[in-house]
Number of protein chains: 2
Amino acid sequence: MSERSVGTLLADRSVDADLRIRTAAVLLFARRGYAATGVRDIARLVGLTNAAIYHHVSSKEELLADIMRAGQNRLIASTRRGLRGVVRPEDALAILISSLTATHGLHRMVTRVMDGELRSLTPGSAAYQEIIALRDAYEDEWRRVLARGVEEGVFRIGDPRLTRLGLMAMCTGTSEWYRPGGPAALERVCLEFVEMGLRAVRARRDGVPVTAGDTPPPDLSLVPPLPWEPPWDEAADLAG
Amino acid sequence: MSERSVGTLLADRSVDADLRIRTAAVLLFARRGYAATGVRDIARLVGLTNAAIYHHVSSKEELLADIMRAGQNRLIASTRRGLRGVVRPEDALAILISSLTATHGLHRMVTRVMDGELRSLTPGSAAYQEIIALRDAYEDEWRRVLARGVEEGVFRIGDPRLTRLGLMAMCTGTSEWYRPGGPAALERVCLEFVEMGLRAVRARRDGVPVTAGDTPPPDLSLVPPLPWEPPWDEAADLAG
DNA sequence: GTCTATACCTTGATAGAC
DNA sequence: GTCTATCAAGGTATAGAC
């Protein structure tokens, strides 16, 4: 889907303007970056003037903060939903890996903004600190799962922090290269990364290596779109 | 090292202005991003006016392209130097992982610019296509090593492309979180990632799993600074 | 809720003195 | 090789009519 047809959809005034503005903003922030995107660019994409944008949004930076906050909250919510009732550390790790990968594949634009535009928030501002806190809360889920796996003797790893950082980077990188119609389906990507992750932590149960088949399969419905992530996001090459 | 003292060093007129400008540019591009950095910001950091910058650089975008080109060329050169004469795929993979990790840890600013500012080059421009070609040439080294490992029966992996993308993201992520005085020395990071990588590809030699100890140790001197990456880059927290 | 018009600032880049 | 001065274009954000 080209930017032209996206623009046509985004200019449809029968859809709530707040949602269209957020959709356009996340699209442009992800493509060009926050600093390179003007309020006028967003306005043009939704068929409004830049002044009209300020009726819906208090400032460009607040718009960025809203997007990042929503993205982080969804990530935390879907992760905790996925982990609920899960007891075996190897199952929990598989869920962490496949849900983080799925989030970055299904919602490439929001995750790119989440992962790359923290520097665009005023350092020390309330919004900045809030996003940092959300990010830390998410990373705690990983810390807990890895620690439990080591405690129970299911994982045999070196430095837990390095292990976590390496595995998380593998998953988050997905938003940089994944394309919906590309060579690998997203479930396949999740499975492959779960497999690699389980091997990286040397997951073993009763002396036998744990493989992806022994853990819960990827559940892409765990990570639903946000209100302003339209369904055509998933099928279209919006990330350019 | 604070930006203040960095500024003092960068304003030292006994050092070649071209180098100081590149140092300042990569520092600011990495911290704030290319679009958020003004030519006046660079000029202020090196103690010149914005007009003087244009005596040394034809345009801001050309400055970015120069930095990215130099970074990519160094990565390719040090990688090929490291791989020269190496025959065993497991050794080659260890070198790919530790040199990519070392590059991203030793030269965090240049690698952040390399990895994150491709979108800031005019799409289709000569510089853009050149950088893309360099990136592809680098990735080919990975493709070759993984393919050879599979051929020789040393690696047992699923999708070679997904394996490569996952491992490369693990390594490149280093520039986002590594800090010189932090909890883990860079050699340690390289070793840990090599270990995880070898397990991820199920490297085996004579039926026995290959560990990092069986492969060449990380060689940080393989990735020397560029002329405009001063020695204090390595010790100082320039990445903010 | 959207418009036109505008205030005020910063941008990348250039001209020409020294 | 660096400066001052300047340009046109664009930035965020606001005022006030409709």
# chains A, B, ... in the order shown; residues from 1 in each chain; ligands from 1
call {"tool": "select_by_dssp", "arguments": {"residues": "region 103-223 of chain A", "states": "helix (DSSP H, G or I)", "output": "ChimeraX atom specification"}}
result
/A:103-106,108-116,118-120,126-151,160-172,174-177,186-200,212-214,220-222
call {"tool": "interface_residues", "arguments": {"of": "chain A", "to": "chain C", "cutoff": "12 Å", "atoms": "only C-alpha atoms (C1' of nucleotides)", "output": "number ranges by chain"}}
result
A: 13, 16-18, 36, 43, 47-56
call {"tool": "closest_atom_pairs", "arguments": {"of": "chain D", "to": "chain A", "cutoff": "12 Å", "atoms": "only C-alpha atoms (C1' of nucleotides)", "output": "JSON lines"}}
result
{"residue": "D:DG10", "atom": "C1'", "partner": "A:Gly38", "partner_atom": "CA", "distance": 9.1}
{"residue": "D:DG11", "atom": "C1'", "partner": "A:Gly38", "partner_atom": "CA", "distance": 7.2}
{"residue": "D:DT12", "atom": "C1'", "partner": "A:Val39", "partner_atom": "CA", "distance": 7.8}
{"residue": "D:DA13", "atom": "C1'", "partner": "A:Tyr54", "partner_atom": "CA", "distance": 8.2}
{"residue": "D:DT14", "atom": "C1'", "partner": "A:Ala51", "partner_atom": "CA", "distance": 8.6}
{"residue": "D:DA15", "atom": "C1'", "partner": "A:Ala51", "partner_atom": "CA", "distance": 10.8}
call {"tool": "closest_atom_pairs", "arguments": {"of": "chain B", "to": "chain A", "cutoff": "9 Å", "atoms": "only C-alpha atoms", "output": "Markdown table"}}
result
| residue | atom | partner | partner_atom | distance |
| --- | --- | --- | --- | --- |
| B:Arg31 | CA | A:Arg119 | CA | 7.5 |
| B:Arg32 | CA | A:Arg119 | CA | 6.5 |
| B:Gly33 | CA | A:Ala35 | CA | 8.0 |
| B:Tyr34 | CA | A:Ala35 | CA | 8.6 |
| B:Ala35 | CA | A:Ala36 | CA | 5.4 |
| B:Ala36 | CA | A:Ala35 | CA | 5.4 |
| B:Gly116 | CA | A:Gly116 | CA | 8.5 |
| B:Arg119 | CA | A:Arg32 | CA | 6.4 |
| B:Ser120 | CA | A:Arg32 | CA | 7.2 |
| B:Ile157 | CA | A:Met196 | CA | 8.8 |
| B:Gly158 | CA | A:Glu192 | CA | 6.8 |
| B:Asp159 | CA | A:Glu192 | CA | 7.5 |
| B:Leu162 | CA | A:Val189 | CA | 6.8 |
| B:Thr163 | CA | A:Glu192 | CA | 7.6 |
| B:Leu165 | CA | A:Met170 | CA | 7.7 |
| B:Gly166 | CA | A:Met170 | CA | 4.7 |
| B:Leu167 | CA | A:Met170 | CA | 6.5 |
| B:Met168 | CA | A:Met170 | CA | 7.7 |
| B:Ala169 | CA | A:Met170 | CA | 5.0 |
| B:Met170 | CA | A:Gly166 | CA | 4.7 |
| B:Cys171 | CA | A:Gly166 | CA | 7.2 |
| B:Thr172 | CA | A:Ala169 | CA | 8.2 |
| B:Gly173 | CA | A:Ala169 | CA | 5.6 |
| B:Thr174 | CA | A:Gly166 | CA | 8.1 |
| B:Trp177 | CA | A:Leu165 | CA | 8.2 |
| B:Ala184 | CA | A:Leu162 | CA | 8.3 |
| B:Val189 | CA | A:Leu162 | CA | 6.8 |
| B:Glu192 | CA | A:Gly158 | CA | 6.9 |
| B:Phe193 | CA | A:Gly166 | CA | 7.2 |
| B:Glu195 | CA | A:Ala200 | CA | 7.8 |
| B:Met196 | CA | A:Ala200 | CA | 4.7 |
| B:Gly197 | CA | A:Ala200 | CA | 7.1 |
| B:Leu198 | CA | A:Ala200 | CA | 8.3 |
| B:Arg199 | CA | A:Ala200 | CA | 5.5 |
| B:Ala200 | CA | A:Met196 | CA | 4.7 |
| B:Val201 | CA | A:Met196 | CA | 7.5 |
| B:Arg202 | CA | A:Arg199 | CA | 7.9 |
call {"tool": "residues_around", "arguments": {"residues": "Arg74 (chain B)", "least_positions_apart": "2", "cutoff": "10 Å", "atoms": "only C-alpha atoms (C1' of nucleotides)", "output": "VMD selection string"}}
result
chain B and resid 68 to 72 76 to 80 103 222 to 226
call {"tool": "atom_distance", "arguments": {"atom1": "CA of Ser175 (chain B)", "atom2": "CA of Gly105 (chain B)"}}
result
5.4 Å
call {"tool": "atom_distance", "arguments": {"atom1": "CA of Ile42 (chain B)", "atom2": "C1' of DC3 (chain D)"}}
result
16.7 Å
call {"tool": "residues_around", "arguments": {"residues": "Pro216 (chain B)", "least_positions_apart": "4", "cutoff": "10 Å", "atoms": "only C-alpha atoms (C1' of nucleotides)", "output": "list in words"}}
result
Gly82, Val86, Glu90, Asp91, Ala92, Leu93, Ala94, Ile95, Ser98 and Ala212 of chain B
call {"tool": "write_last_selection", "arguments": {"atoms": "N, CA and C atoms", "output": "mmCIF file, in the first residue's frame"}}
result
data_model
loop_
_atom_site.group_PDB
_atom_site.id
_atom_site.type_symbol
_atom_site.label_atom_id
_atom_site.label_comp_id
_atom_site.auth_asym_id
_atom_site.auth_seq_id
_atom_site.Cartn_x
_atom_site.Cartn_y
_atom_site.Cartn_z
ATOM 1 N N GLY B 82 39.813 -10.164 10.096
ATOM 2 C CA GLY B 82 39.636 -11.201 11.114
ATOM 3 C C GLY B 82 39.404 -12.582 10.524
ATOM 4 N N VAL B 86 40.946 -18.120 8.170
ATOM 5 C CA VAL B 86 40.108 -18.934 9.054
ATOM 6 C C VAL B 86 39.327 -19.935 8.215
ATOM 7 N N GLU B 90 32.852 -22.597 12.610
ATOM 8 C CA GLU B 90 32.587 -22.194 13.999
ATOM 9 C C GLU B 90 33.546 -21.081 14.430
ATOM 10 N N ASP B 91 34.786 -21.147 13.950
ATOM 11 C CA ASP B 91 35.719 -20.057 14.235
ATOM 12 C C ASP B 91 35.280 -18.773 13.532
ATOM 13 N N ALA B 92 34.848 -18.925 12.305
ATOM 14 C CA ALA B 92 34.418 -17.752 11.535
ATOM 15 C C ALA B 92 33.200 -17.101 12.196
ATOM 16 N N LEU B 93 32.262 -17.919 12.643
ATOM 17 C CA LEU B 93 31.077 -17.346 13.289
ATOM 18 C C LEU B 93 31.462 -16.614 14.575
ATOM 19 N N ALA B 94 32.367 -17.208 15.335
ATOM 20 C CA ALA B 94 32.812 -16.550 16.567
ATOM 21 C C ALA B 94 33.430 -15.196 16.255
ATOM 22 N N ILE B 95 34.192 -15.139 15.168
ATOM 23 C CA ILE B 95 34.827 -13.865 14.786
ATOM 24 C C ILE B 95 33.774 -12.859 14.314
ATOM 25 N N SER B 98 31.973 -11.688 17.572
ATOM 26 C CA SER B 98 32.731 -10.846 18.509
ATOM 27 C C SER B 98 33.206 -9.560 17.844
ATOM 28 N N ALA B 212 32.726 -21.309 23.297
ATOM 29 C CA ALA B 212 33.560 -20.147 22.965
ATOM 30 C C ALA B 212 35.042 -20.450 23.179
#
